[in-house]
Number of protein chains: 2
Amino acid sequence: MTGTAEVLARADRDLPLSLARLKELLRIPSVGTDPGFHAECRRAAEWLRQDLEAVGFKARLRETTGQPVVLATHASPGLPSHAPHILFYGHYDVQPADPAGLWESPPFEPHIRTGRDGKDAIYARGACDDKGQLMTFLEASRAWLSVHRRLPFRLTILLEGDEEGDSGHLDRFVAANKAELKADVALICDTELWNDRSPAITVVLRGCICEEVTITGPRIDLHSGYYGGAAINPATALARILGILHRPDGRVAIPGFYEGVKPVPPAVRKQWAKLGFEADRFLGGVGLSHSAGEKGFGMLEQIWARPTAEINGIWGGYTGAGTKTVLPAKASAKLSFRLVNGQDPRKVRNAFRKFVKQRLPRDCRASFESQGGDNAAIAVAQDSRWIAAARRALKDEWGEDAVLIGSGGSIPVVESFRKHLKIDSVLAGFARDSDNVHSPNEKYDVRSFHKGHPLVDQGDRGIERMS
Amino acid sequence: MTGTAEVLARADRDLPLSLARLKELLRIPSVGTDPGFHAECRRAAEWLRQDLEAVGFKARLRETTGQPVVLATHASPGLPSHAPHILFYGHYDVQPADPAGLWESPPFEPHIRTGRDGKDAIYARGACDDKGQLMTFLEASRAWLSVHRRLPFRLTILLEGDEEGDSGHLDRFVAANKAELKADVALICDTELWNDRSPAITVVLRGCICEEVTITGPRIDLHSGYYGGAAINPATALARILGILHRPDGRVAIPGFYEGVKPVPPAVRKQWAKLGFEADRFLGGVGLSHSAGEKGFGMLEQIWARPTAEINGIWGGYTGAGTKTVLPAKASAKLSFRLVNGQDPRKVRNAFRKFVKQRLPRDCRASFESQGGDNAAIAVAQDSRWIAAARRALKDEWGEDAVLIGSGGSIPVVESFRKHLKIDSVLAGFARDSDNVHSPNEKYDVRSFHKGHPLVDQGDRGIERMS
C-alpha cells in the first residue's frame, strides 16, 4: 500500500481541527473514580462513539459493571485473510483534578500555550492521560481513512472509563466478550517517550492495589482537655502504624511483602545502566534532590522493579480553619502498593491488613476497603514480532531507536488481554515525564500529538515488512 | 436583703421564656474559629447586648483584635461602698459543628428532648459550652432584677467571642481596659458539675497551646507509579514524626516537654482518690474501656495534672471518593498540647517545633502556625473567702458539698484576669460529662439551666455571710 505522504499531508492540514476535537473531549470532566462525575463519563463515551462513527467505524456503547466502554470496529473491504487484527486500547476516564487551586488554567478548559520548556502543549486534565494519546491514534485513523477509505489491517477499538479506578470492571468485560475482542495483538497508547528525542516501548509494568483503612476509637470526637491524656487517639494510632510501614533503609516493613520478588537479572541491570537515566534531573523536575527509596538499588530499579507502599491520602479529625481541640473518633488513609513480577496482589493486601490489625492499640478497630482491582505486575515478551515491528516503525518516524523501558505505573488491562485473549500488548506512547500526569497542570505536547499521528501508517509499514 | 423565694418563684414561672431566649441565642451559628462565621459571631454579640439592655444593664459591643466583646454594667443605686464588685465572664462563641452528619438534630436548631438518661436537655452546639451556662446567669440576674429592681453587689458582665480560638484577643482587651474591668473577683460559669448530685468548683485548670504543622516535599503531587519508590512522601514523613510523639509508656517524647512539671502533692493525690472517680464509667461513656495515657498515673491525674500532646486533625493528599494514586506534595496536622502548672507554653511550642525539624527527612520542609494564644495552666487559691462563699452557696442550693476539682480543659481568661486585674476566679459551672462538649449532640440539662438560676441569689447570701 502506498499513499503515506498523502496521509501525512492530510494530518498536517487537519491539525487545527484535530486539536479542536481533542479540546472538545477534554472539556468533559470524566473523572471515573468519583461517582459525582459518572454522568460526565457517559458523556465522554458518547462523544467518542459519535466521533468514531463519523470516521467510519461501527461504534457502540457497551455496559460494564463500571463505566460504559466504547467498542468500535472498521470493516475494511478486500483485506486478505492473513491481514493482522489489531486491538487498540485507550481510556477516556481521567484523574480527579484537585487540588484545583494549583492549576494555572482550569483543568477542564483546555488551553494551548507555550510552556517553560519552550514547547507548545495543550493543558488540561486528561490531556496526556489518556485522552490526548487515544485521540492521537483516532486522528491518525481518520487521516488514513479520509485518503484511502480503508485500513490495511483489521482494527477493533476499545476505550474504557475505569482505568484510573477499579480495573475489575474492564477485566470482567474482556472475560465476557472474548470472541468479540479477539485480535492478534493489542496496541496501547498510554505510556511515555524515553526523552524528547527517543520513543520508547514499555515492556515491564508494576502492578497496583489500593486500600483505604479507617481506625476508629471512641464513639465520638472527644474534648482534648477533658479526655486528653486518658483516651486513645485514633489519629495517633494511625500515624504510629503508618510511621513504621517502612524500615529506616526504605524497605517496606510488612512481613511477607517481598514474597516472590526476584532480583533484576544482571543483564537487564546492565541494559538499564546504559540508558543514561538522570536521577538528579528526574527528581529535580519535581523539586527534590535525594532518593528516598530503598537503599542499595539504582533509581530505575526503585521505580521499575521494586514494590512500594505509599500513602496517597490521610485524614481525620478537624481540618478546617482555626482550631478544634478534639481527639478525633476516627482517622483514615488511602494507600497504594506498586507491585512487581512475582508478587501476588491478594497476598500483599492481606499482609497489609494483618500488619495494621496486629499493631492496633486497645479500644481501636480497623476497617478496610479495597479500592481498584488486584493488579499484578506485567512483563511483556521482548522478542515478539510485534515489538520488533513497533521498534522499526517508531525508528522510521522519530529517527532514533525506541528504548525498551519499564514503568512504575500500572496498566492492568495488559494482564486482562493476556489472561482472557491470550495476546500480548505493544505499549508505545508519547507522554513526557514533565507532563504532570495525575498532577495539576497536566499537559500533552502538540508535537507528541502530531508526531504520534503516523503510528497507523508506520504500524502498517511495520506490518508489511513483517508479513 | 430578703425576697429569695420571690426570685425563685419568678425564675420558675419564667422558665419557658428563659428557654425560648436560650434557643434564640443557640440558633446563631457563632463559630469563632472559622472566619466564615464571623458575621454570626457579631450577631450573637448584638443579640446579647440587646438582651442585657432589656434586663436593665448598660451594655455595649466593644471591638477587640478578634470578635467583639459584650461589656455590660448594672448601676444598682444605694449600694454601700464596701459592696463587692463581681466580674461575670462567659463566651458566646462555639466550637465548629462538624461532623454535621452525626447530629441527631441540626446543631443550630436547638431541640429540647428527653435523653437516653431520662433527663430533659436542650440539644445544640453551644448549649452547654457556653451559651447555656452564660444564660443561666443572665436569667438569674433577670429574675432578681424583675423582683428587686437592683442587685446586691456591683456587677460587670464580660462576654467574649474568642474562647474556642485565640485567647490572645481577650487577653489584649483585658490588658487595655484594666480600670474598666477591675473587680474583686471573677465568676466564670463554663465548667462542670462533679456528678448529677454534686456541684463542683474548679481550682486547677490545664493550659493549652495549639499548633498546625505542614510538611512539604515535592513541589506537586506525584504519580505513585512513576515516582513511588524514589521520591519522599510527606504524608509518610508526617506519620513517622507524629508516630513517635509518645513513648510506648504513653509519655510525650519531646525533649524538655516535662520541664517544670511537678508531681501532685501526696495530700492532693489522697483527696482525689477519695472522690470516687469511676474511670470505667468515664471512658465507657464514649465507648472506650482502657486508659491510653501515661503508665503509673491514676486517670484523674492523667487528665488534671499531666500534660499531653494530641493530634486534633490530620490531612494530606487525596481524601475524596475513590482513588487517586499520588504521593502528596504536603501533609498537615493540627495538634493541641495541654499544659500543667510549671510548664512554659512558649518553651513547649519551641520544643515541639525542634522535635519536628530534627526528624525531617531530606528534601522536606516544615512550616508551623501557632493557633490560639500561649495559655499556661492555672491553679486558683483554694482558701480564699470567695471560694469559701461559693462552697456555702452551692451547698445551700444543691444540698451537697461542692467538690474542689481539676479540669483538663483550659480557660485562659483566668490567667488574663490574674495577670492584668490581679483577681482570682471562682469557676462554678453546671455541665455534665455526658454533655458532649465539643462533640456532636452537645446538650445542656434543663435542670442545670434551672438549678443554676439561684446562683445570683446564693452568691448574694454567700457574700452577706462573708462580709
# chains A, B, ... in the order shown; residues from 1 in each chain; ligands from 1

$ closest_atom_pairs --of "chain A" --to "chain B" --cutoff "6 Å" --atoms "only C-alpha atoms" --output "Markdown table"
| residue | atom | partner | partner_atom | distance |
| --- | --- | --- | --- | --- |
| A:Thr33 | CA | B:Gly322 | CA | 4.9 |
| A:Asp34 | CA | B:Ala321 | CA | 5.5 |
| A:Pro218 | CA | B:Gly287 | CA | 5.2 |
| A:Arg219 | CA | B:Gly287 | CA | 5.4 |
| A:Asp221 | CA | B:Ser439 | CA | 5.5 |
| A:His223 | CA | B:His438 | CA | 5.7 |
| A:Gly225 | CA | B:Gly409 | CA | 3.8 |
| A:Tyr226 | CA | B:Gly408 | CA | 4.8 |
| A:Gly229 | CA | B:Gly293 | CA | 4.9 |
| A:Ala230 | CA | B:Gly293 | CA | 4.5 |
| A:Ala231 | CA | B:Ala292 | CA | 5.3 |
| A:Ile232 | CA | B:Ala292 | CA | 5.0 |
| A:Ala239 | CA | B:Ala239 | CA | 4.3 |
| A:Arg240 | CA | B:Gly243 | CA | 3.8 |
| A:Leu242 | CA | B:Ala239 | CA | 6.0 |
| A:Gly243 | CA | B:Arg240 | CA | 3.8 |
| A:Val286 | CA | B:Pro218 | CA | 5.4 |
| A:Gly287 | CA | B:Pro218 | CA | 5.2 |
| A:Leu288 | CA | B:Asp363 | CA | 5.8 |
| A:Ser291 | CA | B:Ala230 | CA | 5.2 |
| A:Ala292 | CA | B:Ile232 | CA | 5.0 |
| A:Gly293 | CA | B:Ala230 | CA | 4.5 |
| A:Gln302 | CA | B:Gly229 | CA | 5.3 |
| A:Ile303 | CA | B:Gly229 | CA | 5.5 |
| A:Thr308 | CA | B:Gly229 | CA | 5.6 |
| A:Asn312 | CA | B:Val326 | CA | 5.0 |
| A:Gly313 | CA | B:Gly317 | CA | 4.1 |
| A:Ile314 | CA | B:Trp315 | CA | 5.1 |
| A:Trp315 | CA | B:Trp315 | CA | 4.2 |
| A:Gly316 | CA | B:Ile314 | CA | 5.3 |
| A:Gly317 | CA | B:Gly313 | CA | 4.1 |
| A:Tyr318 | CA | B:Gly313 | CA | 4.5 |
| A:Thr319 | CA | B:Gly313 | CA | 5.4 |
| A:Ala321 | CA | B:Asp34 | CA | 5.5 |
| A:Gly322 | CA | B:Thr33 | CA | 4.9 |
| A:Thr325 | CA | B:Asn312 | CA | 5.7 |
| A:Val326 | CA | B:Asn312 | CA | 5.1 |
| A:Leu327 | CA | B:Asn312 | CA | 5.4 |
| A:Asp363 | CA | B:Leu288 | CA | 5.8 |
| A:Gly408 | CA | B:Gly225 | CA | 4.4 |
| A:Gly409 | CA | B:Gly225 | CA | 3.8 |
| A:His438 | CA | B:His223 | CA | 5.7 |
| A:Ser439 | CA | B:Asp221 | CA | 5.5 |

$ residues_around --residues "Met135 of chain A" --least-positions-apart "5" --cutoff "9 Å" --atoms "only C-alpha atoms" --output "list in words"
Ser18, Arg21, Leu22, Gly90, Asp130, Ala140 and Phe449 of chain A

$ write_last_selection --atoms "C-alpha atoms" --output "PDB file, in the first residue's frame"
ATOM      1  CA  SER A  18      -7.744  17.627  15.376  1.00  0.00           C
ATOM      2  CA  ARG A  21     -11.766  17.883  18.606  1.00  0.00           C
ATOM      3  CA  LEU A  22      -9.329  16.996  21.387  1.00  0.00           C
ATOM      4  CA  GLY A  90      -7.301   3.699  25.389  1.00  0.00           C
ATOM      5  CA  ASP A 130      -5.153   9.362  28.198  1.00  0.00           C
ATOM      6  CA  ALA A 140      -4.259   9.056  12.536  1.00  0.00           C
ATOM      7  CA  PHE A 449       0.009  14.662  19.373  1.00  0.00           C
TER       8      PHE A 449
END

$ atom_distance --atom1 "atom CA of Asp196 of chain B" --atom2 "atom CA of Arg432 of chain B"
7.3 Å

$ residues_around --residues "Pro106 of chain B" --least-positions-apart "2" --cutoff "10 Å" --atoms "only C-alpha atoms" --output "list in words"
Arg27, Ala97, Ala100, Gly101, Leu102, Trp103, Glu104, Phe108, Glu109, Pro110, His111, Tyr123, Ala124, Arg125, Pro440 and Asn441 of chain B

$ residues_around --residues "Ser146 of chain B" --least-positions-apart "3" --cutoff "9 Å" --atoms "only C-alpha atoms" --output "ChimeraX atom specification"
/B:7,10,55,141-143,149-150

$ write_last_selection --atoms "N, CA and C atoms" --output "PDB file, in the first residue's frame"
ATOM      1  N   VAL B   7     -37.799  35.561  94.084  1.00  0.00           N
ATOM      2  CA  VAL B   7     -36.940  35.469  92.896  1.00  0.00           C
ATOM      3  C   VAL B   7     -37.023  34.071  92.306  1.00  0.00           C
ATOM      4  N   ARG B  10     -40.190  33.527  90.549  1.00  0.00           N
ATOM      5  CA  ARG B  10     -40.202  34.215  89.272  1.00  0.00           C
ATOM      6  C   ARG B  10     -39.426  33.409  88.209  1.00  0.00           C
ATOM      7  N   VAL B  55     -32.764  43.692  80.208  1.00  0.00           N
ATOM      8  CA  VAL B  55     -32.773  43.328  81.632  1.00  0.00           C
ATOM      9  C   VAL B  55     -32.511  44.550  82.513  1.00  0.00           C
ATOM     10  N   SER B 141     -30.031  36.833  86.850  1.00  0.00           N
ATOM     11  CA  SER B 141     -29.992  38.287  87.055  1.00  0.00           C
ATOM     12  C   SER B 141     -31.331  38.912  86.690  1.00  0.00           C
ATOM     13  N   ARG B 142     -31.898  38.420  85.596  1.00  0.00           N
ATOM     14  CA  ARG B 142     -33.177  38.948  85.126  1.00  0.00           C
ATOM     15  C   ARG B 142     -34.267  38.738  86.181  1.00  0.00           C
ATOM     16  N   ALA B 143     -34.314  37.510  86.739  1.00  0.00           N
ATOM     17  CA  ALA B 143     -35.338  37.203  87.748  1.00  0.00           C
ATOM     18  C   ALA B 143     -35.149  38.084  88.987  1.00  0.00           C
ATOM     19  N   ARG B 149     -35.408  45.102  91.415  1.00  0.00           N
ATOM     20  CA  ARG B 149     -35.011  46.316  90.697  1.00  0.00           C
ATOM     21  C   ARG B 149     -33.526  46.652  90.851  1.00  0.00           C
ATOM     22  N   ARG B 150     -32.865  46.102  91.867  1.00  0.00           N
ATOM     23  CA  ARG B 150     -31.414  46.359  91.962  1.00  0.00           C
ATOM     24  C   ARG B 150     -30.707  45.111  92.452  1.00  0.00           C
TER      25      ARG B 150
END

$ select_by_dssp --residues "segment 93-217 of chain A" --states "strand (DSSP E)" --output "NGL selection string"
:A and (111-114 or 120-123 or 154-160 or 185-188 or 200-205 or 207-216)

$ write_last_selection --atoms "N, CA and C atoms" --output "tab-separated table (two decimals), in the first residue's frame"
chain	number	residue	atom	x	y	z
A	111	HIS	N	-6.29	24.48	27.22
A	111	HIS	CA	-5.63	25.72	26.82
A	111	HIS	C	-4.29	25.37	26.20
A	112	ILE	N	-4.08	25.83	24.97
A	112	ILE	CA	-2.80	25.58	24.30
A	112	ILE	C	-1.89	26.78	24.53
A	113	ARG	N	-0.72	26.51	25.12
A	113	ARG	CA	0.23	27.61	25.32
A	113	ARG	C	1.65	27.05	25.30
A	114	THR	N	2.58	27.99	25.21
A	114	THR	CA	3.99	27.60	25.20
A	114	THR	C	4.46	27.47	26.64
A	120	ASP	N	5.05	24.02	22.72
A	120	ASP	CA	3.61	24.21	22.75
A	120	ASP	C	2.95	22.95	23.28
A	121	ALA	N	2.02	23.14	24.19
A	121	ALA	CA	1.33	21.97	24.75
A	121	ALA	C	-0.11	22.34	25.04
A	122	ILE	N	-0.94	21.30	25.12
A	122	ILE	CA	-2.32	21.52	25.48
A	122	ILE	C	-2.47	21.14	26.94
A	123	TYR	N	-2.95	22.10	27.74
A	123	TYR	CA	-3.06	21.90	29.19
A	123	TYR	C	-4.49	21.57	29.57
A	154	ARG	N	-7.21	-5.35	10.11
A	154	ARG	CA	-8.45	-5.35	10.87
A	154	ARG	C	-8.21	-4.54	12.15
A	155	LEU	N	-9.18	-3.77	12.55
A	155	LEU	CA	-8.99	-2.92	13.74
A	155	LEU	C	-10.22	-2.95	14.63
A	156	THR	N	-9.99	-3.25	15.89
A	156	THR	CA	-11.03	-3.09	16.91
A	156	THR	C	-10.53	-2.04	17.89
A	157	ILE	N	-11.40	-1.11	18.23
A	157	ILE	CA	-11.01	-0.06	19.20
A	157	ILE	C	-11.82	-0.25	20.46
A	158	LEU	N	-11.12	-0.27	21.58
A	158	LEU	CA	-11.77	-0.46	22.89
A	158	LEU	C	-11.34	0.69	23.78
A	159	LEU	N	-12.30	1.53	24.17
A	159	LEU	CA	-11.99	2.68	25.03
A	159	LEU	C	-12.79	2.53	26.32
A	160	GLU	N	-12.09	2.52	27.45
A	160	GLU	CA	-12.80	2.27	28.72
A	160	GLU	C	-12.84	3.50	29.60
A	185	VAL	N	-2.86	-8.82	18.40
A	185	VAL	CA	-2.02	-8.08	19.34
A	185	VAL	C	-2.80	-6.83	19.77
A	186	ALA	N	-2.48	-6.35	20.95
A	186	ALA	CA	-3.09	-5.10	21.40
A	186	ALA	C	-2.08	-3.97	21.25
A	187	LEU	N	-2.57	-2.80	20.91
A	187	LEU	CA	-1.72	-1.60	20.85
A	187	LEU	C	-2.27	-0.62	21.87
A	188	ILE	N	-1.41	-0.23	22.79
A	188	ILE	CA	-1.86	0.63	23.88
A	188	ILE	C	-1.04	1.92	23.85
A	200	ALA	N	9.78	5.19	23.04
A	200	ALA	CA	10.03	4.07	23.95
A	200	ALA	C	8.90	3.06	23.84
A	201	ILE	N	9.24	1.80	24.07
A	201	ILE	CA	8.23	0.76	24.20
A	201	ILE	C	8.36	0.20	25.61
A	202	THR	N	7.24	0.17	26.32
A	202	THR	CA	7.28	-0.27	27.71
A	202	THR	C	7.06	-1.77	27.76
A	203	VAL	N	8.00	-2.47	28.39
A	203	VAL	CA	7.91	-3.93	28.42
A	203	VAL	C	7.79	-4.48	29.84
A	204	VAL	N	7.95	-3.61	30.84
A	204	VAL	CA	7.79	-4.02	32.24
A	204	VAL	C	6.89	-3.00	32.92
A	205	LEU	N	5.84	-3.47	33.58
A	205	LEU	CA	4.90	-2.57	34.26
A	205	LEU	C	4.67	-3.05	35.68
A	207	GLY	N	2.46	-3.61	38.99
A	207	GLY	CA	1.05	-3.76	39.32
A	207	GLY	C	0.66	-2.78	40.41
A	208	CYS	N	-0.60	-2.79	40.82
A	208	CYS	CA	-1.03	-1.84	41.84
A	208	CYS	C	-2.26	-2.36	42.58
A	209	ILE	N	-2.26	-2.22	43.88
A	209	ILE	CA	-3.50	-2.40	44.63
A	209	ILE	C	-3.69	-1.17	45.51
A	210	CYS	N	-4.95	-0.83	45.73
A	210	CYS	CA	-5.27	0.34	46.55
A	210	CYS	C	-6.11	-0.09	47.75
A	211	GLU	N	-5.79	0.48	48.89
A	211	GLU	CA	-6.52	0.16	50.11
A	211	GLU	C	-6.90	1.45	50.81
A	212	GLU	N	-8.08	1.44	51.43
A	212	GLU	CA	-8.42	2.52	52.36
A	212	GLU	C	-8.57	1.90	53.74
A	213	VAL	N	-7.92	2.48	54.71
A	213	VAL	CA	-8.01	1.96	56.08
A	213	VAL	C	-8.56	3.04	56.99
A	214	THR	N	-9.46	2.67	57.87
A	214	THR	CA	-10.01	3.59	58.86
A	214	THR	C	-9.82	2.99	60.25
A	215	ILE	N	-9.23	3.77	61.13
A	215	ILE	CA	-9.07	3.33	62.52
A	215	ILE	C	-10.05	4.12	63.37
A	216	THR	N	-10.87	3.40	64.12
A	216	THR	CA	-11.91	4.01	64.93
A	216	THR	C	-11.62	3.73	66.40

$ residues_around --residues "Gly429 of chain B" --least-positions-apart "3" --cutoff "12 Å" --atoms "only C-alpha atoms" --output "mmCIF file with N, CA and C atoms, in the first residue's frame"
data_model
loop_
_atom_site.group_PDB
_atom_site.id
_atom_site.type_symbol
_atom_site.label_atom_id
_atom_site.label_comp_id
_atom_site.auth_asym_id
_atom_site.auth_seq_id
_atom_site.Cartn_x
_atom_site.Cartn_y
_atom_site.Cartn_z
ATOM 1 N N TYR B 89 -18.033 36.367 83.728
ATOM 2 C CA TYR B 89 -17.451 36.087 82.416
ATOM 3 C C TYR B 89 -18.140 34.904 81.741
ATOM 4 N N GLY B 90 -18.406 35.036 80.452
ATOM 5 C CA GLY B 90 -18.884 33.900 79.653
ATOM 6 C C GLY B 90 -18.434 34.095 78.222
ATOM 7 N N CYS B 128 -24.230 23.889 76.042
ATOM 8 C CA CYS B 128 -23.546 23.796 77.333
ATOM 9 C C CYS B 128 -22.337 24.725 77.364
ATOM 10 N N ASP B 129 -21.628 24.791 76.277
ATOM 11 C CA ASP B 129 -20.319 25.467 76.180
ATOM 12 C C ASP B 129 -20.399 26.593 75.170
ATOM 13 N N ASP B 130 -20.804 27.780 75.541
ATOM 14 C CA ASP B 130 -21.045 28.231 76.902
ATOM 15 C C ASP B 130 -22.339 29.038 76.943
ATOM 16 N N LYS B 131 -23.109 28.985 75.847
ATOM 17 C CA LYS B 131 -24.300 29.829 75.808
ATOM 18 C C LYS B 131 -25.292 29.467 76.904
ATOM 19 N N GLY B 132 -25.498 28.165 77.103
ATOM 20 C CA GLY B 132 -26.443 27.745 78.139
ATOM 21 C C GLY B 132 -25.991 28.197 79.515
ATOM 22 N N GLN B 133 -24.703 28.076 79.767
ATOM 23 C CA GLN B 133 -24.205 28.434 81.094
ATOM 24 C C GLN B 133 -24.208 29.944 81.316
ATOM 25 N N LEU B 134 -23.855 30.690 80.269
ATOM 26 C CA LEU B 134 -23.876 32.154 80.484
ATOM 27 C C LEU B 134 -25.307 32.649 80.625
ATOM 28 N N MET B 135 -26.240 32.023 79.895
ATOM 29 C CA MET B 135 -27.637 32.435 80.007
ATOM 30 C C MET B 135 -28.218 32.019 81.368
ATOM 31 N N THR B 136 -27.675 30.956 81.968
ATOM 32 C CA THR B 136 -28.082 30.587 83.322
ATOM 33 C C THR B 136 -27.931 31.787 84.247
ATOM 34 N N PHE B 137 -26.784 32.446 84.131
ATOM 35 C CA PHE B 137 -26.515 33.593 84.997
ATOM 36 C C PHE B 137 -27.339 34.813 84.582
ATOM 37 N N LEU B 187 -16.404 35.624 88.345
ATOM 38 C CA LEU B 187 -17.235 34.429 88.424
ATOM 39 C C LEU B 187 -17.361 33.890 87.004
ATOM 40 N N ILE B 188 -16.971 32.664 86.839
ATOM 41 C CA ILE B 188 -16.955 32.063 85.493
ATOM 42 C C ILE B 188 -17.834 30.827 85.493
ATOM 43 N N CYS B 189 -18.781 30.824 84.592
ATOM 44 C CA CYS B 189 -19.720 29.712 84.525
ATOM 45 C C CYS B 189 -19.482 28.960 83.202
ATOM 46 N N ASP B 190 -18.455 28.106 83.217
ATOM 47 C CA ASP B 190 -18.088 27.395 81.973
ATOM 48 C C ASP B 190 -17.423 26.069 82.337
ATOM 49 N N THR B 191 -17.833 25.508 83.462
ATOM 50 C CA THR B 191 -17.197 24.276 83.940
ATOM 51 C C THR B 191 -18.272 23.252 84.298
ATOM 52 N N GLU B 192 -17.818 22.193 84.967
ATOM 53 C CA GLU B 192 -18.687 21.030 85.129
ATOM 54 C C GLU B 192 -19.120 20.788 86.564
ATOM 55 N N LEU B 193 -20.268 20.121 86.678
ATOM 56 C CA LEU B 193 -20.667 19.507 87.948
ATOM 57 C C LEU B 193 -19.725 18.326 88.217
ATOM 58 N N TRP B 194 -19.644 17.918 89.500
ATOM 59 C CA TRP B 194 -18.852 16.721 89.744
ATOM 60 C C TRP B 194 -19.630 15.485 89.266
ATOM 61 N N ASN B 195 -20.905 15.444 89.632
ATOM 62 C CA ASN B 195 -21.783 14.406 89.092
ATOM 63 C C ASN B 195 -23.213 14.937 89.178
ATOM 64 N N SER B 198 -23.705 16.397 92.813
ATOM 65 C CA SER B 198 -22.752 17.288 93.481
ATOM 66 C C SER B 198 -22.234 18.381 92.570
ATOM 67 N N PRO B 199 -22.391 19.638 93.039
ATOM 68 C CA PRO B 199 -21.763 20.729 92.293
ATOM 69 C C PRO B 199 -20.247 20.684 92.493
ATOM 70 N N ALA B 200 -19.547 21.482 91.731
ATOM 71 C CA ALA B 200 -18.089 21.471 91.822
ATOM 72 C C ALA B 200 -17.537 22.860 91.589
ATOM 73 N N ILE B 201 -16.402 23.134 92.215
ATOM 74 C CA ILE B 201 -15.648 24.356 91.923
ATOM 75 C C ILE B 201 -14.294 23.919 91.382
ATOM 76 N N THR B 202 -13.943 24.445 90.229
ATOM 77 C CA THR B 202 -12.704 24.025 89.585
ATOM 78 C C THR B 202 -11.573 24.923 90.065
ATOM 79 N N ALA B 390 -18.583 30.601 97.759
ATOM 80 C CA ALA B 390 -19.208 29.833 96.680
ATOM 81 C C ALA B 390 -19.560 28.428 97.178
ATOM 82 N N LEU B 394 -23.322 27.025 96.981
ATOM 83 C CA LEU B 394 -23.675 25.850 96.186
ATOM 84 C C LEU B 394 -24.287 24.765 97.076
ATOM 85 N N ALA B 402 -19.882 21.140 97.564
ATOM 86 C CA ALA B 402 -19.205 21.302 96.265
ATOM 87 C C ALA B 402 -17.834 20.651 96.359
ATOM 88 N N VAL B 403 -17.502 19.907 95.325
ATOM 89 C CA VAL B 403 -16.211 19.226 95.284
ATOM 90 C C VAL B 403 -15.191 20.145 94.624
ATOM 91 N N ILE B 405 -12.317 20.466 92.327
ATOM 92 C CA ILE B 405 -11.785 19.575 91.293
ATOM 93 C C ILE B 405 -10.762 20.266 90.393
ATOM 94 N N SER B 407 -9.524 20.403 86.159
ATOM 95 C CA SER B 407 -10.138 20.213 84.851
ATOM 96 C C SER B 407 -9.032 20.115 83.818
ATOM 97 N N VAL B 426 -13.666 32.424 90.481
ATOM 98 C CA VAL B 426 -14.428 31.298 91.020
ATOM 99 C C VAL B 426 -15.059 30.607 89.815
ATOM 100 N N ARG B 432 -22.461 18.594 82.538
ATOM 101 C CA ARG B 432 -22.254 17.196 82.941
ATOM 102 C C ARG B 432 -21.269 16.564 81.957
ATOM 103 N N ASP B 433 -20.564 15.531 82.398
ATOM 104 C CA ASP B 433 -19.553 14.986 81.480
ATOM 105 C C ASP B 433 -20.196 14.232 80.308
ATOM 106 N N TYR B 444 -27.388 20.514 77.115
ATOM 107 C CA TYR B 444 -27.318 21.140 78.445
ATOM 108 C C TYR B 444 -28.601 20.737 79.131
ATOM 109 N N SER B 448 -29.910 21.714 84.877
ATOM 110 C CA SER B 448 -28.724 22.541 85.133
ATOM 111 C C SER B 448 -29.052 24.016 84.888
ATOM 112 N N PHE B 449 -29.767 24.238 83.803
ATOM 113 C CA PHE B 449 -30.152 25.601 83.433
ATOM 114 C C PHE B 449 -31.000 26.201 84.553
ATOM 115 N N LYS B 451 -31.502 24.937 87.797
ATOM 116 C CA LYS B 451 -30.910 24.858 89.132
ATOM 117 C C LYS B 451 -29.704 25.785 89.262
ATOM 118 N N GLY B 452 -29.194 26.210 88.144
ATOM 119 C CA GLY B 452 -28.118 27.190 88.182
ATOM 120 C C GLY B 452 -28.633 28.592 88.439
ATOM 121 N N HIS B 453 -29.950 28.815 88.222
ATOM 122 C CA HIS B 453 -30.545 30.142 88.379
ATOM 123 C C HIS B 453 -30.242 30.799 89.723
ATOM 124 N N LEU B 455 -27.894 31.063 91.435
ATOM 125 C CA LEU B 455 -26.513 31.416 91.756
ATOM 126 C C LEU B 455 -26.392 32.875 92.169
#

$ closest_residue --among "A:Pro255, A:Gly66, A:Gly3, A:Pro152" --to "Val356 of chain A" --atoms "only C-alpha atoms"
A:Pro255

$ atom_distance --atom1 "atom CA of Arg62 of chain B" --atom2 "atom CA of Lys178 of chain B"
14.0 Å
